[in-house]
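This report concerns only the one structure given below.
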Amino acid sequence: MEGQYELDLRLDYERDLKTNLTQVIHFAGEQRKHDLEENGRPLRRVESTQEGYGIAAQAFVKVTGKHKILKGQMDDFLKLLDAGDDAASIAGQIYNACLELSTESTLMAAEAERILKDLYYTTPRTPLEEFQDAEAEDYDGEEDQE
């Protein structure tokens, strides 16, 4: 058998949601890059897997923190079942916790996309290219007068 085919059994809204989330993640990354550039702090290129891991780890800590908050809200909701209290307020807190978790997850995905692009989708630079760039930076645009 030469190739194996895979059927996509997801519902239309699931496919659309994933497509839209991909666009939101890309937009978040571009927006962050633009905002940093406007504030005079442009994003540097990710140069190594170690640097990429550090960036991903920082984002993961934020996601984990939001996940813990959501878990706490779910625990509170479970406690309300026994007490018979109104669940509307806790549902609102769960909504907010999910929104914050989604936001941090989106930002982490944007960082992962940046790491992927910088480390794997750019062509490696040769030492000669790096030398030429350094020479071009040293050149001030004026020709030497003899």
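Within each chain, counting starts at residue 1; across the structure tokens, chains are named A, B, ... in the order shown, with ligands numbered 1 upward in that order.
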
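Residues in contact with stretch 46-58 of chain A at 6 Å, where only C-alpha atoms are counted and same-chain residues fewer than 2 positions away are skipped, are listed as A:Phe60, A:Val61, A:Ile115, A:Asp118.
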
Just-selected residues, N, CA, C and O atoms written as a compact mmCIF listing (two decimals), in the first residue's frame:
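Once everything was written out, this is out_17.txt:
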# COMPACT_ATOMS: atom_id res chain seq x y z
N PHE A 60 4.93 28.38 29.67
CA PHE A 60 4.29 27.22 30.30
C PHE A 60 3.99 27.48 31.78
O PHE A 60 2.95 27.07 32.28
N VAL A 61 4.87 28.19 32.46
CA VAL A 61 4.63 28.54 33.86
C VAL A 61 3.35 29.36 33.98
O VAL A 61 2.53 29.14 34.88
N ILE A 115 9.30 30.20 17.80
CA ILE A 115 10.46 29.31 17.97
C ILE A 115 10.60 28.40 16.77
O ILE A 115 11.69 28.22 16.22
N ASP A 118 11.84 30.44 13.78
CA ASP A 118 13.23 30.87 13.91
C ASP A 118 14.22 29.72 13.85
O ASP A 118 15.30 29.86 13.28

Residues of chain A in alpha helix (DSSP H), written as a VMD selection string: chain A and resid 12 to 38 49 to 83 88 to 120 127 to 138

Find the residue from A:Met74, A:Leu9, A:Leu17, A:Ala109 that sits nearest to A:Gly92; use only C-alpha atoms when measuring.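 For A:Gly92, the nearest of the given residues is A:Met74.
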
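For A:Ser105, the residues within 12 Å (counting only C-alpha atoms, excluding itself and residues fewer than 6 positions away along the chain) are Leu21, Thr22, Val24, Ile25, Ala28, Ala56, Gln58, Ala59, Phe60, Val61, Lys62, Val63, Thr64, Gly65, Lys66, His67, Cys98, Leu99, Glu111 and Ala112 of chain A.
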
Just the residues within 12 Å of A:Leu43, please, counting only C-alpha atoms, with nothing from its chain fewer than 4 positions along; format it as an MDAnalysis selection string. chainID A and resid 29:39 47 55 111 114:115 118

Restrict the selected residues to C-alpha atoms and save them as a PDB file, in the first residue's frame.
ATOM      1  CA  GLY A  29       2.240  36.687  17.771  1.00  0.00           C
ATOM      2  CA  GLU A  30       2.280  39.409  15.127  1.00  0.00           C
ATOM      3  CA  GLN A  31       0.577  41.874  17.468  1.00  0.00           C
ATOM      4  CA  ARG A  32       3.095  41.170  20.239  1.00  0.00           C
ATOM      5  CA  LYS A  33       5.970  41.620  17.786  1.00  0.00           C
ATOM      6  CA  HIS A  34       4.483  44.906  16.539  1.00  0.00           C
ATOM      7  CA  ASP A  35       3.882  46.242  20.072  1.00  0.00           C
ATOM      8  CA  LEU A  36       7.420  45.415  21.168  1.00  0.00           C
ATOM      9  CA  GLU A  37       8.875  47.074  18.073  1.00  0.00           C
ATOM     10  CA  GLU A  38       6.828  50.224  18.727  1.00  0.00           C
ATOM     11  CA  ASN A  39       8.224  50.351  22.255  1.00  0.00           C
ATOM     12  CA  GLU A  47      19.161  31.312  18.113  1.00  0.00           C
ATOM     13  CA  ILE A  55      10.950  30.959  26.112  1.00  0.00           C
ATOM     14  CA  GLU A 111       5.764  31.752  21.146  1.00  0.00           C
ATOM     15  CA  ARG A 114       7.984  31.916  16.691  1.00  0.00           C
ATOM     16  CA  ILE A 115      10.460  29.311  17.975  1.00  0.00           C
ATOM     17  CA  ASP A 118      13.233  30.873  13.914  1.00  0.00           C
TER      18      ASP A 118
END
